[in-house]
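Asks: Just target17.cif, nothing more (mmCIF, C-alpha atoms):
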data_work
loop_
_atom_site.label_atom_id
_atom_site.label_comp_id
_atom_site.auth_asym_id
_atom_site.auth_seq_id
_atom_site.Cartn_x
_atom_site.Cartn_y
_atom_site.Cartn_z
CA MET Y 279 111.89 93.96 133.69
CA SER Y 280 108.67 93.08 135.44
CA VAL Y 281 105.61 94.26 133.56
CA SER Y 282 103.82 94.82 136.84
CA ASN Y 283 105.87 97.48 138.58
CA GLY Y 284 108.87 98.29 136.38
CA GLY Y 285 111.31 96.75 138.85
CA LEU Y 286 113.56 93.75 138.55
CA PRO Y 287 111.52 90.71 139.60
CA SER Y 288 112.96 88.21 142.00
CA GLU Y 289 113.52 84.69 140.73
CA GLU Y 290 110.57 83.60 142.84
CA SER Y 291 108.15 86.11 141.30
CA ALA Y 292 109.50 86.22 137.72
CA THR Y 293 107.28 85.00 134.90
CA ILE Y 294 107.64 84.68 131.15
CA PHE Y 295 106.18 88.17 130.85
CA SER Y 296 109.32 89.44 132.60
CA THR Y 297 111.54 87.95 129.90
CA LEU Y 298 109.77 89.24 126.78
CA PRO Y 299 111.75 91.45 124.35
CA GLY Y 300 109.38 94.39 124.64
CA GLN Y 301 106.14 95.70 126.06
CA PHE Y 302 103.16 97.39 124.47
CA PRO Y 303 102.87 101.14 125.14
CA ASN Y 304 100.79 102.16 128.12
CA LEU Y 305 97.86 103.59 126.17
CA VAL Y 306 95.64 103.09 129.18
CA GLU Y 307 97.23 106.17 130.76
CA ASN Y 308 97.91 108.07 127.50
CA LYS Y 309 95.40 107.21 124.79
CA ASN Y 310 96.56 110.00 122.47
CA GLN Y 311 100.15 108.89 122.05
CA LYS Y 312 101.21 107.27 118.81
CA ILE Y 313 102.47 103.70 118.74
CA LYS Y 314 106.23 103.43 118.27
CA THR Y 315 106.83 100.91 115.51
CA ARG Y 316 109.90 99.31 117.08
CA ASP Y 317 108.14 98.87 120.42
CA PHE Y 318 105.12 97.35 118.72
CA ILE Y 319 107.26 94.92 116.73
CA ASP Y 320 109.14 93.80 119.83
CA ALA Y 321 105.95 93.44 121.88
CA SER Y 322 104.26 91.46 119.10
CA SER Y 323 107.28 89.15 118.91
CA GLY Y 324 106.79 88.62 122.63
CA VAL Y 325 103.22 87.52 122.01
CA VAL Y 326 104.53 84.92 119.56
CA THR Y 327 106.72 83.63 122.39
CA LEU Y 328 103.61 83.34 124.55
CA VAL Y 329 101.65 81.49 121.86
CA GLU Y 330 104.54 79.03 121.52
CA LYS Y 331 103.72 77.98 125.09
CA PHE Y 332 100.24 76.93 123.96
CA GLY Y 333 101.75 73.90 122.25
CA LYS Y 334 103.11 72.79 118.87
CA VAL Y 335 99.62 72.48 117.42
CA PHE Y 336 99.46 76.28 117.37
CA ALA Y 337 102.29 76.39 114.80
CA PRO Y 338 99.99 77.80 112.05
CA VAL Y 339 99.15 80.78 114.25
CA ILE Y 340 102.81 81.34 115.05
CA TYR Y 341 103.77 81.08 111.37
CA ASP Y 342 101.14 83.63 110.37
CA MET Y 343 102.08 86.09 113.10
CA ASN Y 344 105.80 85.83 112.36
CA GLY Y 345 105.16 86.40 108.66
CA ASN Y 346 103.24 89.60 109.33
CA ILE Y 347 105.84 90.79 111.82
CA ARG Y 348 108.56 90.28 109.18
CA LYS Y 349 106.62 92.36 106.63
CA ILE Y 350 106.15 95.22 109.09
CA THR Y 351 109.77 95.03 110.24
CA GLY Y 352 111.07 95.09 106.67
CA LYS Y 353 109.20 98.28 105.85
CA TYR Y 354 110.18 99.89 109.16
CA GLU Y 355 113.87 99.22 108.58
CA GLU Y 356 113.78 100.88 105.15
CA ASP Y 357 113.56 104.26 106.93
CA LYS Y 358 113.48 104.02 110.71
CA ASP Y 359 113.18 107.79 111.19
CA LYS Y 360 110.19 108.30 108.90
CA ASN Y 361 108.60 105.07 110.10
CA GLU Y 362 109.15 105.71 113.79
CA PHE Y 363 105.43 105.64 114.50
CA MET Y 364 103.13 102.90 113.27
CA GLU Y 365 100.31 105.25 112.31
CA ASP Y 366 102.59 107.41 110.15
CA MET Y 367 104.07 104.41 108.38
CA ILE Y 368 100.65 102.95 107.58
CA LEU Y 369 99.27 106.24 106.23
CA LYS Y 370 102.31 106.62 103.98
CA GLN Y 371 101.71 103.11 102.67
CA LYS Y 372 98.07 103.92 101.99
CA GLU Y 373 98.98 107.09 100.11
CA ALA Y 374 101.51 105.16 98.02
CA GLY Y 375 98.96 102.46 97.26
CA GLU Y 376 101.19 99.82 98.85
CA LEU Y 377 98.92 97.67 100.97
CA VAL Y 378 101.22 94.77 101.93
CA VAL Y 379 102.14 96.27 105.30
CA VAL Y 380 98.65 97.69 105.80
CA ASN Y 381 97.22 94.20 105.46
CA ALA Y 382 100.02 92.63 107.51
CA LEU Y 383 99.28 94.92 110.44
CA GLN Y 384 95.57 94.26 110.11
CA TRP Y 385 96.06 90.49 110.42
CA LEU Y 386 98.65 90.81 113.16
CA ARG Y 387 96.28 93.05 115.10
CA ARG Y 388 93.53 90.45 114.75
CA ALA Y 389 95.84 87.74 116.11
CA LEU Y 390 96.77 89.96 119.05
CA HIS Y 391 93.07 90.54 119.67
CA PHE Y 392 92.54 86.78 119.80
CA VAL Y 393 95.33 86.31 122.35
CA SER Y 394 94.16 89.23 124.48
CA CYS Y 395 90.60 87.85 124.58
CA PHE Y 396 91.90 84.41 125.52
CA PHE Y 397 93.98 85.82 128.36
CA GLN Y 398 91.12 88.07 129.49
CA ALA Y 399 88.84 85.03 129.75
CA ILE Y 400 91.41 83.34 132.00
CA ILE Y 401 91.71 86.48 134.13
CA GLU Y 402 87.94 86.84 134.54
CA ASP Y 403 87.59 83.14 135.33
CA SER Y 404 90.23 83.54 138.05
CA ASP Y 405 88.60 86.68 139.42
CA ASN Y 406 85.38 84.69 139.76
CA ASN Y 407 87.26 82.02 141.72
CA ASN Y 408 86.48 79.33 139.16
CA TYR Y 409 90.03 78.40 138.11
CA THR Y 410 88.70 76.34 135.19
CA GLN Y 411 91.19 73.68 134.09
CA ASP Y 412 89.82 73.08 130.59
CA LEU Y 413 90.79 76.17 128.56
CA SER Y 414 89.34 74.91 125.27
CA PRO Y 415 86.10 76.90 125.69
CA PHE Y 416 88.17 80.04 126.21
CA VAL Y 417 90.03 79.44 122.95
CA LYS Y 418 86.73 78.90 121.14
CA SER Y 419 85.08 82.01 122.59
CA ALA Y 420 88.16 84.17 121.83
CA TYR Y 421 88.21 82.85 118.27
CA LYS Y 422 84.50 83.47 117.79
CA GLU Y 423 84.86 87.04 119.05
CA THR Y 424 87.92 87.97 117.00
CA LEU Y 425 88.88 85.81 114.02
CA GLU Y 426 85.94 83.67 112.99
CA ARG Y 427 84.25 86.40 110.92
CA TYR Y 428 87.36 86.67 108.72
CA HIS Y 429 87.89 82.96 108.13
CA GLY Y 430 86.35 80.61 105.64
CA TRP Y 431 85.55 76.96 106.26
CA LEU Y 432 89.18 75.79 106.42
CA GLY Y 433 90.24 78.45 108.91
CA THR Y 434 87.27 77.69 111.14
CA GLN Y 435 87.97 73.96 111.07
CA LEU Y 436 91.62 74.59 111.92
CA PHE Y 437 90.71 76.53 115.04
CA ASN Y 438 88.19 73.89 116.06
CA ILE Y 439 91.11 71.47 116.09
CA LEU Y 440 93.43 73.89 117.87
CA SER Y 441 90.92 74.48 120.63
CA ARG Y 442 90.76 70.76 121.40
CA PHE Y 443 94.52 70.63 121.92
CA ALA Y 444 94.83 73.76 124.04
CA PRO Y 445 96.84 73.27 127.23
CA ASN Y 446 94.88 73.05 130.45
CA ARG Y 447 95.22 75.77 133.06
CA GLN Y 448 97.85 73.96 135.13
CA GLN Y 449 100.02 73.30 132.06
CA LEU Y 450 99.75 76.84 130.74
CA PHE Y 451 100.52 78.48 134.07
CA TYR Y 452 103.50 76.15 134.52
CA HIS Y 453 104.97 77.31 131.20
CA LEU Y 454 104.14 80.97 131.79
CA GLY Y 455 105.71 80.64 135.23
CA LEU Y 456 109.05 79.71 133.63
CA GLU Y 457 108.55 75.97 134.13
CA LYS Y 458 107.88 76.31 137.85
CA HIS Y 459 104.81 75.35 139.82
CA ASN Y 460 102.87 77.40 142.37
CA LYS Y 461 103.31 80.72 140.58
CA GLU Y 462 99.70 81.37 139.59
CA GLU Y 463 99.53 84.60 141.57
CA HIS Y 464 102.60 86.00 139.80
CA VAL Y 465 101.50 84.80 136.36
CA LEU Y 466 98.07 86.38 136.80
CA ARG Y 467 99.62 89.61 138.03
CA ASP Y 468 101.80 90.00 134.95
CA MET Y 469 99.20 88.59 132.56
CA ARG Y 470 96.73 91.20 133.79
CA VAL Y 471 99.05 94.14 133.05
CA PHE Y 472 100.29 92.73 129.74
CA THR Y 473 96.78 91.94 128.51
CA CYS Y 474 95.44 95.35 129.49
CA ARG Y 475 98.15 97.11 127.48
CA MET Y 476 97.84 94.74 124.53
CA ALA Y 477 94.06 95.18 124.40
CA ALA Y 478 94.37 98.97 124.52
CA CYS Y 479 96.86 98.88 121.65
CA VAL Y 480 94.58 96.63 119.62
CA GLN Y 481 91.63 98.95 120.18
CA LYS Y 482 93.65 101.98 119.12
CA LEU Y 483 94.56 100.24 115.87
CA VAL Y 484 90.95 99.16 115.31
CA ASP Y 485 89.83 102.78 115.69
CA PHE Y 486 92.68 104.00 113.47
CA TYR Y 487 91.81 101.59 110.67
CA ARG Y 488 88.14 102.52 110.90
CA GLU Y 489 88.91 106.25 110.87
CA HIS Y 490 91.09 105.98 107.76
CA ASP Y 491 88.97 103.39 105.94
CA LEU Y 492 91.73 100.77 105.98
CA GLU Y 493 89.79 97.77 107.25
CA THR Y 494 88.97 94.93 104.87
CA HIS Y 495 86.46 92.17 105.55
CA GLU Y 496 87.29 89.48 103.03
CA ARG Y 497 87.31 85.92 104.37
CA VAL Y 498 90.39 83.78 103.92
#
Please lay out the structure from this file as structure tokens.

Replies:
Amino acid sequence: MSVSNGGLPSEESATIFSTLPGQFPNLVENKNQKIKTRDFIDASSGVVTLVEKFGKVFAPVIYDMNGNIRKITGKYEEDKDKNEFMEDMILKQKEAGELVVVNALQWLRRALHFVSCFFQAIIEDSDNNNYTQDLSPFVKSAYKETLERYHGWLGTQLFNILSRFAPNRQQLFYHLGLEKHNKEEHVLRDMRVFTCRMAACVQKLVDFYREHDLETHERV
């Protein structure tokens, strides 16, 4: 399904966003709705698929995200009815003093925030008619805004390396366009909708963690 209009995209207009296993809830239109755990898991797995298109050097990010997704999925599948909504599951974990999933969601959310900021930088660059080929500065700025404060020296050095090996704009859009050229318009269209929903979901979780005193600030 196309993330842009809910219809079946033609082969010409389809992008990787059309093939993802799930989509983030549309919190832009309904900020008060809870986040369905299954939908969030599927959408987050889709983000891993997107990060895989950044190149093999991003394997540590993929490994970390997949690990946190597995932890959340394992807890969800213990009781799908009681854990239908992410917020309910996390509060139950807090009350039980079991913080594995609480921490897993926190780190997964931070990774999603990084990806959303990276995509938003590309979108804004395109809106300004710059179409910058070197995306390394966008990786660096997204990292500085989202993950740097939680990382120690090793984590920071790792992302300095990752940023240098980021794909350029042409390469990234080729992969996001399902290995086809001349699909920038379609990729940007779907990236815009996907990023907007992902960012809204991230912000809701940030607010939720702050409200319930769940956030930790230790560096790793």

Asks: Quick one, how far is atom CA of Y:Thr434 from atom CA of Y:Asp403?

Replies: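 Calculated distance between atom CA of Y:Thr434 and atom CA of Y:Asp403 is 24.8 Å.
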
Asks: Do you know which residues lie at most 6 Å from (94.1, 71.9, 133.3), with coordinates as in the file and all atoms listed in the file counted, and could you write them as number ranges by chain?

Replies: Y: 411-412, 446-448

Asks: Using all atoms listed in the file, which of the listed residues (Y:Val484, Y:Val378, Y:Leu369, Y:Cys395) sits closest to Y:Lys422?

Replies: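 Smallest separation from Y:Lys422 among the options: Y:Cys395.
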
Asks: The centre and edge lengths of an axis-aligned box containing all atoms of stretch 390-397 of chain Y present in the file, extended by 6 Å on each side, are to be given in Å to one decimal, as JSON.

Replies:
{"center_x": 93.7, "center_y": 87.5, "center_z": 123.7, "size_x": 18.2, "size_y": 18.1, "size_z": 21.3}

Asks: When you look at Y:Val380 with a cut-off of 12 Å (counting all atoms listed in the file), what residues show up, excluding the ones that are within fewer than 4 positions of it in the same chain? I need them as a VMD selection string.

Replies: chain Y and resid 346 to 347 349 to 350 353 364 to 376 384 to 387 483 486 to 487 490 to 494

Asks: Name the residues that the PyMOL selection byres ((chain Y and resi 498) around 8) pulls out of this structure, and write them as a list in words.

Replies: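 On the file shown, the PyMOL selection byres ((chain Y and resi 498) around 8) covers Tyr428, His429, Gly430, Gly433, Glu496 and Arg497 of chain Y.
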
Asks: Include C-alpha atoms and write out the residues we just selected as a JSON list (two decimals), keeping the file's coordinate frame.

Replies:
[["chain", "number", "residue", "atom", "x", "y", "z"],
["Y", 428, "TYR", "CA", 87.36, 86.67, 108.72],
["Y", 429, "HIS", "CA", 87.89, 82.96, 108.13],
["Y", 430, "GLY", "CA", 86.35, 80.61, 105.64],
["Y", 433, "GLY", "CA", 90.24, 78.45, 108.91],
["Y", 496, "GLU", "CA", 87.29, 89.48, 103.03],
["Y", 497, "ARG", "CA", 87.31, 85.92, 104.37]]

Asks: Find the nearest atom pair between each residue of stretch 367-426 of chain Y and stretch 467-473 of chain Y for residues within 10 Å, count only C-alpha atoms, give distances in Å to one decimal, sort rows by chain and ascending number, and present the table as CSV.

Replies:
residue,atom,partner,partner_atom,distance
Y:Leu390,CA,Y:Thr473,CA,9.7
Y:His391,CA,Y:Thr473,CA,9.7
Y:Val393,CA,Y:Thr473,CA,8.5
Y:Ser394,CA,Y:Thr473,CA,5.5
Y:Cys395,CA,Y:Thr473,CA,8.4
Y:Phe396,CA,Y:Thr473,CA,9.5
Y:Phe397,CA,Y:Thr473,CA,6.7
Y:Gln398,CA,Y:Thr473,CA,6.9
Y:Ile400,CA,Y:Met469,CA,9.4
Y:Ile401,CA,Y:Arg470,CA,6.9
Y:Glu402,CA,Y:Arg470,CA,9.8

Asks: Since we have the selection now, will you write its residues out, keeping C-alpha atoms, as a tab-separated table (two decimals), in the frame of the given file?

Replies:
chain	number	residue	atom	x	y	z
Y	390	LEU	CA	96.77	89.96	119.05
Y	391	HIS	CA	93.07	90.54	119.67
Y	393	VAL	CA	95.33	86.31	122.35
Y	394	SER	CA	94.16	89.23	124.48
Y	395	CYS	CA	90.60	87.85	124.58
Y	396	PHE	CA	91.90	84.41	125.52
Y	397	PHE	CA	93.98	85.82	128.36
Y	398	GLN	CA	91.12	88.07	129.49
Y	400	ILE	CA	91.41	83.34	132.00
Y	401	ILE	CA	91.71	86.48	134.13
Y	402	GLU	CA	87.94	86.84	134.54

Asks: Counting all atoms listed in the file, which of Y:Asp485, Y:Arg475, Y:Leu436, Y:Thr424 gets nearest to Y:Glu307?

Replies: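 Answer, going by the shortest atom-to-atom distance: Y:Arg475.
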
Asks: Applied to the shown file, which residues does the PyMOL selection byres ((chain Y and resi 302) around 12) return, written as an MDAnalysis selection string?

Replies: chainID Y and resid 281 295 298:301 303:306 312:325 390 471:480 482

Asks: Run through the PyMOL selection byres ((chain Y and resi 465) around 10) on the given coordinates and return the selected residues as a ChimeraX atom specification.

Replies: /Y:291-296,450-456,460-464,466-470

Asks: Hey, can you spit out that residue selection with C-alpha atoms as a JSON list (two decimals), in the coordinates of the input?

Replies:
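And here is the file that came out, selection09.json:
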[["chain", "number", "residue", "atom", "x", "y", "z"],
["Y", 291, "SER", "CA", 108.15, 86.11, 141.30],
["Y", 292, "ALA", "CA", 109.50, 86.22, 137.72],
["Y", 293, "THR", "CA", 107.28, 85.00, 134.90],
["Y", 294, "ILE", "CA", 107.64, 84.68, 131.15],
["Y", 295, "PHE", "CA", 106.18, 88.17, 130.85],
["Y", 296, "SER", "CA", 109.32, 89.44, 132.60],
["Y", 450, "LEU", "CA", 99.75, 76.84, 130.74],
["Y", 451, "PHE", "CA", 100.52, 78.48, 134.07],
["Y", 452, "TYR", "CA", 103.50, 76.15, 134.52],
["Y", 453, "HIS", "CA", 104.97, 77.31, 131.20],
["Y", 454, "LEU", "CA", 104.14, 80.97, 131.79],
["Y", 455, "GLY", "CA", 105.71, 80.64, 135.23],
["Y", 456, "LEU", "CA", 109.05, 79.71, 133.63],
["Y", 460, "ASN", "CA", 102.87, 77.40, 142.37],
["Y", 461, "LYS", "CA", 103.31, 80.72, 140.58],
["Y", 462, "GLU", "CA", 99.70, 81.37, 139.59],
["Y", 463, "GLU", "CA", 99.53, 84.60, 141.57],
["Y", 464, "HIS", "CA", 102.60, 86.00, 139.80],
["Y", 466, "LEU", "CA", 98.07, 86.38, 136.80],
["Y", 467, "ARG", "CA", 99.62, 89.61, 138.03],
["Y", 468, "ASP", "CA", 101.80, 90.00, 134.95],
["Y", 469, "MET", "CA", 99.20, 88.59, 132.56],
["Y", 470, "ARG", "CA", 96.73, 91.20, 133.79]]

Asks: Just the number, please: distance in Å from atom CA of Y:Asn438 to atom CA of Y:His495, one decimal.

Replies: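 Computed distance, atom CA of Y:Asn438 to atom CA of Y:His495, equals 21.2 Å.
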
Asks: Could you jot down the atom CA of Y:Ala389 to atom CA of Y:Asp359 separation for me, Å, one decimal place?

Replies: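 It comes out at 27.0 Å.
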
Asks: Compare Y:Lys358, Y:Gly352, Y:Asn308, Y:Phe392 by their minimum atom-to-atom distance to Y:Val379, counting all atoms listed in the file, and give me the closest one.

Replies: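 For Y:Val379, the nearest of the candidates is Y:Gly352.
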
Asks: Neighbouring residues of Y:Lys418 were defined as those with any atom within 8 Å, considering only C-alpha atoms; residues of the same chain fewer than 3 positions away were excluded. Please report them as a ChimeraX atom specification.

Replies: /Y:414-415,421-422,437-438,441

Asks: Would you mind completing stretch 398-409 of chain Y to all heavy atoms and writing the output as a tab-separated table (two decimals), in the frame of the given file?

Replies:
chain	number	residue	atom	x	y	z
Y	398	GLN	N	92.13	87.37	128.69
Y	398	GLN	CA	91.12	88.07	129.49
Y	398	GLN	C	90.10	87.08	130.04
Y	398	GLN	O	89.63	87.24	131.18
Y	398	GLN	CB	90.42	89.14	128.65
Y	398	GLN	CG	89.47	90.04	129.45
Y	398	GLN	CD	90.19	90.78	130.57
Y	398	GLN	OE1	91.32	91.27	130.38
Y	398	GLN	NE2	89.56	90.86	131.73
Y	399	ALA	N	89.77	86.06	129.26
Y	399	ALA	CA	88.84	85.03	129.75
Y	399	ALA	C	89.44	84.29	130.94
Y	399	ALA	O	88.72	83.98	131.91
Y	399	ALA	CB	88.52	84.05	128.62
Y	400	ILE	N	90.74	84.01	130.88
Y	400	ILE	CA	91.41	83.34	132.00
Y	400	ILE	C	91.41	84.24	133.23
Y	400	ILE	O	91.15	83.79	134.36
Y	400	ILE	CB	92.85	82.97	131.61
Y	400	ILE	CG1	92.86	81.91	130.50
Y	400	ILE	CG2	93.63	82.47	132.83
Y	400	ILE	CD1	94.24	81.61	129.95
Y	401	ILE	N	91.68	85.53	133.02
Y	401	ILE	CA	91.71	86.48	134.13
Y	401	ILE	C	90.34	86.58	134.80
Y	401	ILE	O	90.22	86.54	136.03
Y	401	ILE	CB	92.17	87.86	133.63
Y	401	ILE	CG1	93.65	87.82	133.21
Y	401	ILE	CG2	91.96	88.93	134.70
Y	401	ILE	CD1	94.11	89.03	132.41
Y	402	GLU	N	89.30	86.72	133.99
Y	402	GLU	CA	87.94	86.84	134.54
Y	402	GLU	C	87.52	85.57	135.25
Y	402	GLU	O	86.87	85.62	136.31
Y	402	GLU	CB	86.96	87.19	133.42
Y	402	GLU	CG	87.17	88.60	132.86
Y	402	GLU	CD	86.27	88.90	131.68
Y	402	GLU	OE1	85.47	88.01	131.29
Y	402	GLU	OE2	86.38	90.02	131.14
Y	403	ASP	N	87.89	84.42	134.70
Y	403	ASP	CA	87.59	83.14	135.33
Y	403	ASP	C	88.27	83.06	136.70
Y	403	ASP	O	87.67	82.58	137.67
Y	403	ASP	CB	88.08	82.01	134.42
Y	403	ASP	CG	87.81	80.63	134.99
Y	403	ASP	OD1	86.63	80.22	134.99
Y	403	ASP	OD2	88.77	79.96	135.42
Y	404	SER	N	89.49	83.55	136.78
Y	404	SER	CA	90.23	83.54	138.05
Y	404	SER	C	89.61	84.52	139.03
Y	404	SER	O	89.48	84.22	140.23
Y	404	SER	CB	91.70	83.91	137.80
Y	404	SER	OG	92.30	83.03	136.88
Y	405	ASP	N	89.21	85.69	138.55
Y	405	ASP	CA	88.60	86.68	139.42
Y	405	ASP	C	87.29	86.18	140.02
Y	405	ASP	O	86.89	86.60	141.11
Y	405	ASP	CB	88.33	87.98	138.65
Y	405	ASP	CG	89.62	88.74	138.33
Y	405	ASP	OD1	90.66	88.42	138.94
Y	405	ASP	OD2	89.58	89.64	137.47
Y	406	ASN	N	86.63	85.28	139.28
Y	406	ASN	CA	85.38	84.69	139.76
Y	406	ASN	C	85.60	83.43	140.59
Y	406	ASN	O	84.65	82.73	140.94
Y	406	ASN	CB	84.46	84.36	138.58
Y	406	ASN	CG	83.93	85.61	137.89
Y	406	ASN	OD1	83.71	86.64	138.53
Y	406	ASN	ND2	83.72	85.53	136.58
Y	407	ASN	N	86.87	83.16	140.88
Y	407	ASN	CA	87.26	82.02	141.72
Y	407	ASN	C	86.82	80.67	141.14
Y	407	ASN	O	86.51	79.73	141.87
Y	407	ASN	CB	86.69	82.17	143.14
Y	407	ASN	CG	87.26	83.37	143.86
Y	407	ASN	OD1	88.46	83.63	143.82
Y	407	ASN	ND2	86.39	84.13	144.52
Y	408	ASN	N	86.83	80.58	139.80
Y	408	ASN	CA	86.48	79.33	139.16
Y	408	ASN	C	87.71	78.46	138.89
Y	408	ASN	O	87.68	77.25	139.08
Y	408	ASN	CB	85.73	79.59	137.86
Y	408	ASN	CG	84.36	80.18	138.09
Y	408	ASN	OD1	83.68	79.83	139.05
Y	408	ASN	ND2	83.94	81.08	137.21
Y	409	TYR	N	88.77	79.10	138.40
Y	409	TYR	CA	90.03	78.40	138.11
Y	409	TYR	C	89.80	77.18	137.21
Y	409	TYR	O	90.28	76.08	137.49
Y	409	TYR	CB	90.73	78.00	139.40
Y	409	TYR	CG	90.86	79.14	140.37
Y	409	TYR	CD1	90.10	79.18	141.55
Y	409	TYR	CD2	91.71	80.21	140.11
Y	409	TYR	CE1	90.20	80.26	142.43
Y	409	TYR	CE2	91.82	81.29	140.98
Y	409	TYR	CZ	91.06	81.30	142.14
Y	409	TYR	OH	91.16	82.36	143.00
